[in-house]
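Here is the structure we will look at.
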Amino acid sequence: MKTDQQLMASISAALYLLTSLIMFALAVQNYRYGLFELCYTASLLSGLYLGAAGYARFARAAKMLRGMSQIVLAISALLILIESWDAASYTRYWAYPLALLSFVTLRHAHAMIANAVVLVLLAILLWQQSNLLLSLAFVSSFSLLIALASTFAQLHQRRSRTLVELEIRDPLTGAYNFRHLEDTLGKEICRADRTGKALSLIALEIDYFPQIIDLHGPVTTQDLVKQFADTLGAMIRAGDSQYCDSNHSFYLLLPCTPPEGVVVIAERIRRTIEEQSWPVVDSITVSLGCKAYRPGQQQSDANMLINDANIALVEAQKNGHNRVCHHD
Amino acid sequence: MAQSDHQILTHSKAYLFATFSLLLLTIGYLATGQLLSGLMSAGLGLTLVALRWPPGFKPQWTSAHYSKLCTVVMSLLSLALLWFDPDGMQLWCYSIPLLMFFIFEFKPAIWLVGAYTLILSLILGTRQDPIHNMEFGWHYILLIGISFSLVYLRELRRRQLKPLRRTDNLTMAATREHLDDDLAKEVQRSEREGSDLAVMALAIDPICLSRLSPKEQDTVTVDIGRLLHNNLRLFDSYYRWQAHEFLIVLPHTSSAQAIKIANALRVRVRKEIRLNDEPVTISVGISGLNVGDDGHALCQRATQALQSSQEKGPNRTQLFRDNDEEMGDENDTQEEGRQDS
């Protein structure tokens, strides 16, 4: 699965390449019809977009990609406007693809402003060179296109945001994310109150994980985290669930498990992790903080349980790592 | 396509500006005596206005159909303008493909854009203006290419979002696709913990439904969804099973407890949900988990119980029984009578 950044980079690269090819074809055609001015502009643009396509293909960060797009689109808008001083009846066609391109690659607000400027300037030029009616026809159709493109862009933005909100799994480990833990824990507490059966939560962290990241870099450590999550997932029973937050702290939610059960499970996890051999670093150990919730004895909500489990985890780490601690 | 998506388009400033400048254009054409072009651009402007301010609909003539019709009218008008007044209005053809992609679903939109492009190139072929044709044509191709990328992004996000949307927008109920998964988990869990599990099928009575218009039926369904949301326990889950039918999964609940819950719900619905001053009633079918059952069987039996309770009359609860389905629900009916008085 590609990340959004890679997706945008490859889409931009493909679009710039397509634009470059079409500009090249235009340059050739204009040359054949003897429109040398237009031919120059088209071949300039063709080269520009080819460079942009290459850059987008290898750009690493979203910011760099966007900055490049801003420059490229600004230059091409400028070229088209300069060309329009005497041939606006031809160059009015050129503004349309540019408008769409800007909505794909730029921020929504920037694209809106840029297109409004192009709209006004081209409309004035068209009015001067031919007549008002032509200019009005341009204005109306161009603004409808802007409306459509901006709607697409806005919907895309909104959907991307909902996607982040609705996603319940951590992309790297496949475990559920922290927000889902809070939701599920609330439900499980209510359930435990109803059935009278205990509920347990384990918080665990790989020991000295920040140092491991410093030593091996965040990218290579990803393999370790992934395999660690898989191992944990295989160790818990059906009905238990596994969560992972952004700091690579893991949580295991064990419904219907009394404190005595948690001891056994936590100890088993600690031993298995210790004895196994791992990628990147040869061996790792884990610290575990356990919290059992006995309905009827105390009232508690999701955040308090998570907090207690974390306190136990910190205590385990303070006592020298590689051990299990309980919160009472 | 959802209503709000349309509103983003039609309420945007650029859209209003397009409508306004089209109006000016129409006046300009008419003032200079170009009657045909004037009429056609007036037609374009009117379709834009019609998309922005749709009239009230009869139920069978939905707003989706309406905006599709508007789009087709608009594309025909733009082609006609291109035929009669090639110089001024060919720019309109640039906006139409994206509009088609916006209004129609992906597949029909592809066909429409294809057909539109074909007619467009035929019309352009009859014109003796190679330079304009060339400039227009290449940019048209480019425009279609970029439109595809916008549409691709849209389809991609839709596909990513679909499995994540757990709840139905209308009623806050979880969607039916999640039922099988969740129910299988619950069955597994109740086997592990040795606890009860009951499934409840709940529907608005046909007699009530027949009194209501489709729009009112939806309102009532939303109301019931809200009532379920407020009255069920945190760990119960409810699903939109059919248009006016819900399926509710009740963990740690025996059949007897489920009957109590169902009766309480029935009474609440009857008391709290009214439309046109007439109470709305629901019927409920219940099935409890036996050893060896799977989720599918549970759902089937709950809906069977619901059907048999609806056959007996409105506002009843019925528990599924294997042998004697005649097992009466006199208790419920009596209780019901008490509530009435």
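Naming works like this for the structure tokens: A, B, ... for the chains as they're shown, residue 1 at the start of each chain, ligands 1 onward in shown order.
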
I want to know what sits within 7 Å of range 19-28 of chain A, based on only C-alpha atoms, with residues of the same chain fewer than 5 positions away left out; could you give that as a ChimeraX atom specification? /A:39,42-43,45-47,49-50 /B:138,142

Specify as a PyMOL selection string all residues of chain A found within 7 Å of chain B, counting only C-alpha atoms. chain A and resi 15+19+22+26+90+93-94+97+100-101+104+133-134+136-141+143-148+151-152+156+159+163+166-167+187+190-191+239

Residues near Leu253 in chain A, cut-off 7 Å, only C-alpha atoms, skip fewer than 6 positions along chain, as a list in words: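 These residues fall inside the cut-off: Ser200, Leu201, Ile202, Asp240, Ser241 and Gln242 of chain A.
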
Can I get the selection written as a short mmCIF file (atom, residue, chain, number, x, y, z; two decimals), in the first residue's frame, with N, CA and C atoms?
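Result file is out_12.cif:
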```cif
data_model
loop_
_atom_site.label_atom_id
_atom_site.label_comp_id
_atom_site.auth_asym_id
_atom_site.auth_seq_id
_atom_site.Cartn_x
_atom_site.Cartn_y
_atom_site.Cartn_z
N SER A 200 -8.88 -7.22 32.10
CA SER A 200 -7.48 -6.86 32.33
C SER A 200 -6.90 -6.11 31.15
N LEU A 201 -5.96 -5.24 31.50
CA LEU A 201 -5.28 -4.45 30.48
C LEU A 201 -3.78 -4.54 30.73
N ILE A 202 -3.03 -4.82 29.70
CA ILE A 202 -1.57 -4.85 29.82
C ILE A 202 -0.99 -3.75 28.95
N ASP A 240 -9.22 -11.60 22.66
CA ASP A 240 -8.35 -10.53 23.15
C ASP A 240 -8.02 -9.62 21.98
N SER A 241 -7.59 -8.39 22.26
CA SER A 241 -7.21 -7.53 21.14
C SER A 241 -5.97 -6.73 21.48
N GLN A 242 -5.31 -6.30 20.42
CA GLN A 242 -3.98 -5.70 20.56
C GLN A 242 -4.01 -4.29 19.98
#
```

Distance of CA of Ala80 in chain B from CA of Ser121 in chain B, expressed in Å to one decimal place: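 It comes out at 13.2 Å.
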
Can you tell me which residues surround Ile269 in chain A at a distance of at most 12 Å, considering only C-alpha atoms, apart from same-chain residues fewer than 5 positions away, and format the answer as an MDAnalysis selection string? chainID A and resid 202:206 228:229 231:236 252 262:264 274:276 285:289 322:324

For Gly295 in chain B, which residue out of B:Lys107, B:Leu183, B:Leu319, B:His229 is the nearest one, using only C-alpha atoms?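 Going through B:Lys107, B:Leu183, B:Leu319, B:His229 one by one, the smallest distance to Gly295 in chain B is for B:Leu183.
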
As an exercise, work out the distance from CA of Gly296 in chain A to CA of Thr195 in chain A in Å and give it to one decimal place.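 Separation of CA of Gly296 in chain A and CA of Thr195 in chain A: 10.3 Å.
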
By how many Å are CA of His248 in chain A and CA of Gln5 in chain A apart?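 These atoms are spaced 22.2 Å apart.
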
I want to know what sits within 12 Å of Ala74 in chain A, based on only C-alpha atoms, with residues of the same chain fewer than 2 positions away left out; could you give that as a PyMOL selection string? chain A and resi 45+48+67-72+76-81+98-99+101-102+106+110-111+113-115+117-118

Mind listing the strand (DSSP E or B) residues of range 87-216 of chain A, per DSSP on the backbone, as number ranges by chain? A: 169, 176, 199-206

Counting only C-alpha atoms, figure out which residue out of A:Arg107, A:Leu38, A:Leu44, A:Phe58 gets nearest to Ala87 in chain A. A:Leu38

Give the helix (DSSP H, G or I) residues of range 96-333 of chain B, as DSSP finds them on the backbone, and put them as a ChimeraX atom specification. /B:96-103,106-125,130-164,177-193,206-211,214-231,255-272,295-312,330-333

Within 9 Å of Lys291 in chain A, counting only C-alpha atoms, which residues qualify if same-chain residues fewer than 4 places away don't, as a PDB file with N, CA and C atoms, in the first residue's frame?
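Generated file (selection15.pdb):
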```pdb
ATOM      1  N   LEU A 199     -11.705  -7.742  34.129  1.00  0.00           N
ATOM      2  CA  LEU A 199     -11.203  -7.337  32.824  1.00  0.00           C
ATOM      3  C   LEU A 199      -9.770  -6.884  33.033  1.00  0.00           C
ATOM      4  N   SER A 200      -8.877  -7.224  32.105  1.00  0.00           N
ATOM      5  CA  SER A 200      -7.479  -6.857  32.334  1.00  0.00           C
ATOM      6  C   SER A 200      -6.897  -6.106  31.155  1.00  0.00           C
ATOM      7  N   LEU A 201      -5.956  -5.237  31.499  1.00  0.00           N
ATOM      8  CA  LEU A 201      -5.282  -4.446  30.480  1.00  0.00           C
ATOM      9  C   LEU A 201      -3.779  -4.539  30.727  1.00  0.00           C
ATOM     10  N   ILE A 202      -3.030  -4.822  29.698  1.00  0.00           N
ATOM     11  CA  ILE A 202      -1.568  -4.854  29.824  1.00  0.00           C
ATOM     12  C   ILE A 202      -0.989  -3.747  28.951  1.00  0.00           C
ATOM     13  N   ALA A 203      -0.101  -2.929  29.517  1.00  0.00           N
ATOM     14  CA  ALA A 203       0.650  -1.964  28.710  1.00  0.00           C
ATOM     15  C   ALA A 203       2.065  -2.480  28.606  1.00  0.00           C
ATOM     16  N   PRO A 259      -7.044 -11.251  37.708  1.00  0.00           N
ATOM     17  CA  PRO A 259      -5.640 -10.903  37.945  1.00  0.00           C
ATOM     18  C   PRO A 259      -4.712 -12.101  37.876  1.00  0.00           C
ATOM     19  N   VAL A 262      -3.830 -12.820  34.303  1.00  0.00           N
ATOM     20  CA  VAL A 262      -2.942 -11.843  33.686  1.00  0.00           C
ATOM     21  C   VAL A 262      -1.491 -12.139  34.021  1.00  0.00           C
ATOM     22  N   LEU A 305      -8.052   3.421  33.638  1.00  0.00           N
ATOM     23  CA  LEU A 305      -7.431   2.096  33.473  1.00  0.00           C
ATOM     24  C   LEU A 305      -6.132   2.201  32.691  1.00  0.00           C
ATOM     25  N   ILE A 306      -6.175   2.962  31.594  1.00  0.00           N
ATOM     26  CA  ILE A 306      -4.973   3.115  30.765  1.00  0.00           C
ATOM     27  C   ILE A 306      -3.863   3.764  31.587  1.00  0.00           C
ATOM     28  N   ASP A 308      -3.484   3.700  34.879  1.00  0.00           N
ATOM     29  CA  ASP A 308      -2.968   2.773  35.880  1.00  0.00           C
ATOM     30  C   ASP A 308      -2.006   1.778  35.257  1.00  0.00           C
ATOM     31  N   ALA A 309      -2.380   1.260  34.090  1.00  0.00           N
ATOM     32  CA  ALA A 309      -1.512   0.294  33.410  1.00  0.00           C
ATOM     33  C   ALA A 309      -0.176   0.949  33.082  1.00  0.00           C
ATOM     34  N   ASN A 310      -0.227   2.222  32.670  1.00  0.00           N
ATOM     35  CA  ASN A 310       1.011   2.922  32.337  1.00  0.00           C
ATOM     36  C   ASN A 310       1.870   3.173  33.569  1.00  0.00           C
ATOM     37  N   ALA A 312       2.017   1.246  36.144  1.00  0.00           N
ATOM     38  CA  ALA A 312       2.666  -0.045  36.421  1.00  0.00           C
ATOM     39  C   ALA A 312       3.828  -0.273  35.466  1.00  0.00           C
ATOM     40  N   CYS A 325       4.989  -5.732  36.215  1.00  0.00           N
ATOM     41  CA  CYS A 325       4.529  -5.066  37.426  1.00  0.00           C
ATOM     42  C   CYS A 325       3.009  -4.989  37.431  1.00  0.00           C
ATOM     43  N   HIS A 326       2.433  -5.007  38.616  1.00  0.00           N
ATOM     44  CA  HIS A 326       0.982  -4.903  38.728  1.00  0.00           C
ATOM     45  C   HIS A 326       0.582  -3.608  39.398  1.00  0.00           C
ATOM     46  N   HIS A 327      -0.504  -3.086  38.984  1.00  0.00           N
ATOM     47  CA  HIS A 327      -1.067  -1.938  39.676  1.00  0.00           C
ATOM     48  C   HIS A 327      -2.260  -2.425  40.466  1.00  0.00           C
ATOM     49  N   ASP A 328      -2.305  -2.083  41.769  1.00  0.00           N
ATOM     50  CA  ASP A 328      -3.434  -2.559  42.578  1.00  0.00           C
ATOM     51  C   ASP A 328      -4.422  -1.447  42.822  1.00  0.00           C
TER      52      ASP A 328
END
```
